[in-house]
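The next block is input32.cif, given as mmCIF, N, CA and C atoms.
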data_model
#
loop_
_atom_site.label_atom_id
_atom_site.label_comp_id
_atom_site.auth_asym_id
_atom_site.auth_seq_id
_atom_site.Cartn_x
_atom_site.Cartn_y
_atom_site.Cartn_z
N MET A 1 49.03 -1.41 298.18
CA MET A 1 49.72 -0.43 297.36
C MET A 1 50.12 0.74 298.26
N PRO A 2 51.34 1.24 298.08
CA PRO A 2 51.78 2.38 298.91
C PRO A 2 51.08 3.67 298.50
N ASP A 3 51.24 4.68 299.35
CA ASP A 3 50.68 6.00 299.04
C ASP A 3 51.33 6.57 297.79
N CYS A 4 50.64 7.46 297.15
CA CYS A 4 51.16 8.17 295.99
C CYS A 4 52.40 8.98 296.37
N GLU A 5 53.41 8.93 295.53
CA GLU A 5 54.64 9.68 295.82
C GLU A 5 54.48 11.19 295.64
N LEU A 6 53.37 11.63 295.08
CA LEU A 6 53.15 13.06 294.86
C LEU A 6 52.35 13.73 295.98
N LEU A 7 52.01 12.99 297.05
CA LEU A 7 51.15 13.53 298.12
C LEU A 7 51.67 14.82 298.73
N VAL A 8 52.93 14.90 299.01
CA VAL A 8 53.49 16.05 299.71
C VAL A 8 53.23 17.35 298.97
N GLU A 9 53.31 17.31 297.65
CA GLU A 9 53.15 18.54 296.87
C GLU A 9 51.83 18.62 296.10
N CYS A 10 50.95 17.65 296.27
CA CYS A 10 49.69 17.63 295.52
C CYS A 10 48.68 18.64 296.09
N PRO A 11 48.25 19.61 295.27
CA PRO A 11 47.28 20.60 295.74
C PRO A 11 45.94 19.97 296.14
N PHE A 12 45.54 18.90 295.46
CA PHE A 12 44.28 18.26 295.84
C PHE A 12 44.40 17.63 297.22
N PHE A 13 45.43 16.83 297.43
CA PHE A 13 45.59 16.14 298.71
C PHE A 13 45.73 17.13 299.86
N ASN A 14 46.35 18.26 299.60
CA ASN A 14 46.59 19.27 300.63
C ASN A 14 45.54 20.37 300.66
N ASP A 15 44.37 20.10 300.08
CA ASP A 15 43.21 21.01 300.11
C ASP A 15 43.51 22.41 299.59
N LYS A 16 44.26 22.50 298.51
CA LYS A 16 44.63 23.80 297.95
C LYS A 16 43.83 24.16 296.70
N LEU A 17 43.00 23.25 296.19
CA LEU A 17 42.21 23.55 295.01
C LEU A 17 40.95 24.31 295.39
N ARG A 18 40.53 25.20 294.50
CA ARG A 18 39.26 25.88 294.72
C ARG A 18 38.13 24.89 294.53
N LYS A 19 37.06 25.09 295.23
CA LYS A 19 35.86 24.27 295.11
C LYS A 19 36.14 22.79 295.37
N MET A 20 36.80 22.52 296.47
CA MET A 20 37.06 21.13 296.86
C MET A 20 35.72 20.42 297.04
N PRO A 21 35.57 19.22 296.46
CA PRO A 21 34.31 18.50 296.60
C PRO A 21 34.07 18.05 298.04
N LYS A 22 32.82 17.93 298.41
CA LYS A 22 32.48 17.50 299.76
C LYS A 22 32.99 16.09 300.02
N ALA A 23 33.10 15.30 298.99
CA ALA A 23 33.58 13.92 299.14
C ALA A 23 35.09 13.81 299.01
N SER A 24 35.81 14.92 299.20
CA SER A 24 37.26 14.90 298.98
C SER A 24 37.99 13.94 299.92
N ASP A 25 37.53 13.78 301.15
CA ASP A 25 38.19 12.85 302.06
C ASP A 25 38.11 11.41 301.52
N MET A 26 36.94 11.05 301.01
CA MET A 26 36.79 9.73 300.43
C MET A 26 37.65 9.58 299.17
N MET A 27 37.68 10.64 298.36
CA MET A 27 38.49 10.62 297.13
C MET A 27 39.97 10.49 297.47
N LYS A 28 40.41 11.14 298.53
CA LYS A 28 41.81 11.05 298.95
C LYS A 28 42.16 9.62 299.34
N LYS A 29 41.27 8.96 300.05
CA LYS A 29 41.52 7.56 300.42
C LYS A 29 41.57 6.69 299.18
N MET A 30 40.59 6.87 298.31
CA MET A 30 40.49 6.02 297.14
C MET A 30 41.64 6.22 296.16
N TYR A 31 41.91 7.48 295.82
CA TYR A 31 42.94 7.75 294.81
C TYR A 31 44.34 7.91 295.40
N CYS A 32 44.48 8.71 296.43
CA CYS A 32 45.81 9.06 296.95
C CYS A 32 46.43 7.94 297.78
N LYS A 33 45.60 7.19 298.45
CA LYS A 33 46.10 6.15 299.35
C LYS A 33 46.03 4.75 298.75
N TRP A 34 44.98 4.44 297.97
CA TRP A 34 44.78 3.08 297.51
C TRP A 34 45.10 2.87 296.03
N HIS A 35 44.60 3.73 295.17
CA HIS A 35 44.71 3.50 293.72
C HIS A 35 45.24 4.74 293.01
N TYR A 36 46.39 5.23 293.43
CA TYR A 36 46.88 6.49 292.86
C TYR A 36 47.18 6.40 291.37
N ALA A 37 47.45 5.21 290.85
CA ALA A 37 47.72 5.07 289.41
C ALA A 37 46.49 5.40 288.56
N LYS A 38 45.31 5.40 289.17
CA LYS A 38 44.08 5.75 288.46
C LYS A 38 43.74 7.23 288.57
N CYS A 39 44.48 7.97 289.35
CA CYS A 39 44.25 9.40 289.57
C CYS A 39 44.59 10.18 288.30
N ALA A 40 43.67 11.02 287.87
CA ALA A 40 43.87 11.84 286.67
C ALA A 40 45.10 12.74 286.83
N ARG A 41 45.25 13.33 288.00
CA ARG A 41 46.39 14.22 288.25
C ARG A 41 47.71 13.45 288.16
N TYR A 42 47.75 12.29 288.75
CA TYR A 42 48.95 11.45 288.74
C TYR A 42 49.30 11.04 287.31
N ARG A 43 48.29 10.64 286.55
CA ARG A 43 48.54 10.21 285.17
C ARG A 43 49.15 11.33 284.34
N VAL A 44 48.61 12.53 284.46
CA VAL A 44 49.15 13.66 283.70
C VAL A 44 50.57 13.98 284.18
N ALA A 45 50.77 13.99 285.48
CA ALA A 45 52.09 14.33 286.04
C ALA A 45 53.18 13.37 285.58
N THR A 46 52.87 12.09 285.55
CA THR A 46 53.90 11.10 285.20
C THR A 46 54.18 11.01 283.71
N VAL A 47 53.24 11.43 282.88
CA VAL A 47 53.46 11.35 281.43
C VAL A 47 53.88 12.70 280.85
N ILE A 48 53.14 13.73 281.16
CA ILE A 48 53.40 15.05 280.57
C ILE A 48 54.28 15.90 281.48
N GLY A 49 54.06 15.79 282.78
CA GLY A 49 54.82 16.58 283.75
C GLY A 49 53.90 17.29 284.72
N LYS A 50 54.38 17.56 285.89
CA LYS A 50 53.57 18.18 286.96
C LYS A 50 53.04 19.55 286.55
N LYS A 51 53.81 20.30 285.79
CA LYS A 51 53.38 21.64 285.40
C LYS A 51 52.20 21.62 284.43
N ALA A 52 51.94 20.48 283.82
CA ALA A 52 50.84 20.36 282.86
C ALA A 52 49.50 20.10 283.54
N ILE A 53 49.50 19.82 284.82
CA ILE A 53 48.25 19.52 285.52
C ILE A 53 47.44 20.80 285.68
N PRO A 54 46.23 20.84 285.15
CA PRO A 54 45.39 22.02 285.33
C PRO A 54 45.07 22.24 286.81
N ASP A 55 45.00 23.49 287.23
CA ASP A 55 44.73 23.80 288.64
C ASP A 55 43.39 23.27 289.12
N ASP A 56 42.45 23.11 288.22
CA ASP A 56 41.13 22.67 288.62
C ASP A 56 40.86 21.19 288.33
N MET A 57 41.91 20.42 288.08
CA MET A 57 41.74 18.99 287.80
C MET A 57 41.63 18.21 289.10
N PHE A 58 40.62 17.35 289.17
CA PHE A 58 40.42 16.50 290.33
C PHE A 58 40.82 15.07 289.97
N PRO A 59 41.07 14.22 290.96
CA PRO A 59 41.50 12.85 290.70
C PRO A 59 40.57 12.05 289.79
N GLY A 60 39.29 12.33 289.85
CA GLY A 60 38.32 11.59 289.04
C GLY A 60 38.12 12.12 287.64
N ASP A 61 38.87 13.14 287.25
CA ASP A 61 38.75 13.73 285.91
C ASP A 61 39.45 12.85 284.86
N THR A 62 39.09 11.59 284.82
CA THR A 62 39.78 10.65 283.94
C THR A 62 39.55 10.94 282.46
N ARG A 63 38.37 11.40 282.12
CA ARG A 63 38.11 11.73 280.71
C ARG A 63 39.02 12.88 280.27
N ARG A 64 39.11 13.87 281.11
CA ARG A 64 39.94 15.03 280.80
C ARG A 64 41.42 14.65 280.71
N SER A 65 41.88 13.85 281.65
CA SER A 65 43.28 13.45 281.61
C SER A 65 43.56 12.58 280.39
N SER A 66 42.62 11.70 280.03
CA SER A 66 42.80 10.86 278.85
C SER A 66 42.91 11.71 277.59
N GLU A 67 42.07 12.74 277.49
CA GLU A 67 42.13 13.64 276.34
C GLU A 67 43.47 14.36 276.29
N MET A 68 43.96 14.80 277.43
CA MET A 68 45.25 15.47 277.49
C MET A 68 46.38 14.53 277.05
N LEU A 69 46.32 13.29 277.51
CA LEU A 69 47.36 12.33 277.16
C LEU A 69 47.31 11.97 275.68
N ILE A 70 46.14 11.87 275.12
CA ILE A 70 46.01 11.59 273.68
C ILE A 70 46.60 12.74 272.88
N GLN A 71 46.28 13.98 273.25
CA GLN A 71 46.83 15.14 272.55
C GLN A 71 48.34 15.19 272.69
N TYR A 72 48.84 14.86 273.84
CA TYR A 72 50.30 14.87 274.08
C TYR A 72 50.99 13.84 273.19
N GLU A 73 50.40 12.65 273.09
CA GLU A 73 51.01 11.59 272.29
C GLU A 73 50.96 11.88 270.81
N LYS A 74 50.03 12.72 270.36
CA LYS A 74 49.94 13.10 268.95
C LYS A 74 51.07 14.03 268.52
N LYS A 75 51.69 14.68 269.49
CA LYS A 75 52.77 15.64 269.16
C LYS A 75 54.01 14.95 268.67
#

Represent the supplied structure as structure tokens.
Amino acid sequence: MPDCELLVECPFFNDKLRKMPKASDMMKKMYCKWHYAKCARYRVATVIGKKAIPDDMFPGDTRRSSEMLIQYEKK
């Protein structure tokens, strides 16, 4: 699978989020390089839009992104 198309502007990938987890390098490989379709940030960006991504959302925040997507679809 190719790299995520949002890498260039992704605050997580570019270490711009506050409180970056110690395992962020591993998370970048797993989500940004291998399985970006499972990334919470990517899911929100592609359905709701990039501006809807919370500043403190990490790739593994799947529960949070799922809740956001459910609320969005209810509208």

>> Using the chain letters and numbers from this file, what does the PyMOL selection byres (((chain A and resi 3-7 and name CA) around 7) and name CA) select? Give the answer as a PyMOL selection string.
In response: chain A and resi 1-2+8-10+13+32-34+36

> Written as a PyMOL selection string, what is the full residue list that the PyMOL selection byres (((chain A and resi 72-75 and name CA) around 10) and name CA) yields on the file shown?
Replying inline: chain A and resi 44+47-48+66-71

> Could you pull the residues within 8 Å of Ala40 (chain A), counting only C-alpha atoms, minus those fewer than 2 positions along the same chain, as a ChimeraX atom specification?
Replying inline: /A:38,42-44,57-62,64-66

>> Need the shell around Arg18 (chain A): protein/DNA/RNA residues with any atom at most 7 Å away, counting all atoms listed in the file. Skip same-chain ones fewer than 3 positions apart. Format as a list of chain:residue names?
In response: A:Asp15, A:Pro21, A:Asp55, A:Asp56

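Counting from atom C of Met26 (chain A), the distance to CA of Lys51 (chain A) is 24.1 Å.
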
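Put simply, atom C of Ile53 (chain A) is 8.1 Å away from atom N of Arg41 (chain A).
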
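For the pair CA of Asn14 (chain A) and CA of Lys28 (chain A), the interatomic distance is 9.7 Å.
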
>> I need the residues in chain A that are helix (DSSP H, G or I) according to DSSP; give them as a VMD selection string.
In response: chain A and resid 7 to 9 24 to 34 36 to 38 40 to 47 50 to 52 62 to 74

Could the residues in this selection be written to a file with N, CA and C atoms, as a compact mmCIF listing (two decimals), in the coordinates of the input?
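The resulting file, part-v5.txt, is reproduced below:
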# COMPACT_ATOMS: atom_id res chain seq x y z
N LEU A 7 52.01 12.99 297.05
CA LEU A 7 51.15 13.53 298.12
C LEU A 7 51.67 14.82 298.73
N VAL A 8 52.93 14.90 299.01
CA VAL A 8 53.49 16.05 299.71
C VAL A 8 53.23 17.35 298.97
N GLU A 9 53.31 17.31 297.65
CA GLU A 9 53.15 18.54 296.87
C GLU A 9 51.83 18.62 296.10
N SER A 24 35.81 14.92 299.20
CA SER A 24 37.26 14.90 298.98
C SER A 24 37.99 13.94 299.92
N ASP A 25 37.53 13.78 301.15
CA ASP A 25 38.19 12.85 302.06
C ASP A 25 38.11 11.41 301.52
N MET A 26 36.94 11.05 301.01
CA MET A 26 36.79 9.73 300.43
C MET A 26 37.65 9.58 299.17
N MET A 27 37.68 10.64 298.36
CA MET A 27 38.49 10.62 297.13
C MET A 27 39.97 10.49 297.47
N LYS A 28 40.41 11.14 298.53
CA LYS A 28 41.81 11.05 298.95
C LYS A 28 42.16 9.62 299.34
N LYS A 29 41.27 8.96 300.05
CA LYS A 29 41.52 7.56 300.42
C LYS A 29 41.57 6.69 299.18
N MET A 30 40.59 6.87 298.31
CA MET A 30 40.49 6.02 297.14
C MET A 30 41.64 6.22 296.16
N TYR A 31 41.91 7.48 295.82
CA TYR A 31 42.94 7.75 294.81
C TYR A 31 44.34 7.91 295.40
N CYS A 32 44.48 8.71 296.43
CA CYS A 32 45.81 9.06 296.95
C CYS A 32 46.43 7.94 297.78
N LYS A 33 45.60 7.19 298.45
CA LYS A 33 46.10 6.15 299.35
C LYS A 33 46.03 4.75 298.75
N TRP A 34 44.98 4.44 297.97
CA TRP A 34 44.78 3.08 297.51
C TRP A 34 45.10 2.87 296.03
N TYR A 36 46.39 5.23 293.43
CA TYR A 36 46.88 6.49 292.86
C TYR A 36 47.18 6.40 291.37
N ALA A 37 47.45 5.21 290.85
CA ALA A 37 47.72 5.07 289.41
C ALA A 37 46.49 5.40 288.56
N LYS A 38 45.31 5.40 289.17
CA LYS A 38 44.08 5.75 288.46
C LYS A 38 43.74 7.23 288.57
N ALA A 40 43.67 11.02 287.87
CA ALA A 40 43.87 11.84 286.67
C ALA A 40 45.10 12.74 286.83
N ARG A 41 45.25 13.33 288.00
CA ARG A 41 46.39 14.22 288.25
C ARG A 41 47.71 13.45 288.16
N TYR A 42 47.75 12.29 288.75
CA TYR A 42 48.95 11.45 288.74
C TYR A 42 49.30 11.04 287.31
N ARG A 43 48.29 10.64 286.55
CA ARG A 43 48.54 10.21 285.17
C ARG A 43 49.15 11.33 284.34
N VAL A 44 48.61 12.53 284.46
CA VAL A 44 49.15 13.66 283.70
C VAL A 44 50.57 13.98 284.18
N ALA A 45 50.77 13.99 285.48
CA ALA A 45 52.09 14.33 286.04
C ALA A 45 53.18 13.37 285.58
N THR A 46 52.87 12.09 285.55
CA THR A 46 53.90 11.10 285.20
C THR A 46 54.18 11.01 283.71
N VAL A 47 53.24 11.43 282.88
CA VAL A 47 53.46 11.35 281.43
C VAL A 47 53.88 12.70 280.85
N LYS A 50 54.38 17.56 285.89
CA LYS A 50 53.57 18.18 286.96
C LYS A 50 53.04 19.55 286.55
N LYS A 51 53.81 20.30 285.79
CA LYS A 51 53.38 21.64 285.40
C LYS A 51 52.20 21.62 284.43
N ALA A 52 51.94 20.48 283.82
CA ALA A 52 50.84 20.36 282.86
C ALA A 52 49.50 20.10 283.54
N THR A 62 39.09 11.59 284.82
CA THR A 62 39.78 10.65 283.94
C THR A 62 39.55 10.94 282.46
N ARG A 63 38.37 11.40 282.12
CA ARG A 63 38.11 11.73 280.71
C ARG A 63 39.02 12.88 280.27
N ARG A 64 39.11 13.87 281.11
CA ARG A 64 39.94 15.03 280.80
C ARG A 64 41.42 14.65 280.71
N SER A 65 41.88 13.85 281.65
CA SER A 65 43.28 13.45 281.61
C SER A 65 43.56 12.58 280.39
N SER A 66 42.62 11.70 280.03
CA SER A 66 42.80 10.86 278.85
C SER A 66 42.91 11.71 277.59
N GLU A 67 42.07 12.74 277.49
CA GLU A 67 42.13 13.64 276.34
C GLU A 67 43.47 14.36 276.29
N MET A 68 43.96 14.80 277.43
CA MET A 68 45.25 15.47 277.49
C MET A 68 46.38 14.53 277.05
N LEU A 69 46.32 13.29 277.51
CA LEU A 69 47.36 12.33 277.16
C LEU A 69 47.31 11.97 275.68
N ILE A 70 46.14 11.87 275.12
CA ILE A 70 46.01 11.59 273.68
C ILE A 70 46.60 12.74 272.88
N GLN A 71 46.28 13.98 273.25
CA GLN A 71 46.83 15.14 272.55
C GLN A 71 48.34 15.19 272.69
N TYR A 72 48.84 14.86 273.84
CA TYR A 72 50.30 14.87 274.08
C TYR A 72 50.99 13.84 273.19
N GLU A 73 50.40 12.65 273.09
CA GLU A 73 51.01 11.59 272.29
C GLU A 73 50.96 11.88 270.81
N LYS A 74 50.03 12.72 270.36
CA LYS A 74 49.94 13.10 268.95
C LYS A 74 51.07 14.03 268.52

> Which is closer to Arg63 (chain A) than all the others in A:Cys39, A:Met20, A:Ala45, A:Tyr31, using only C-alpha atoms?
Replying inline: A:Cys39
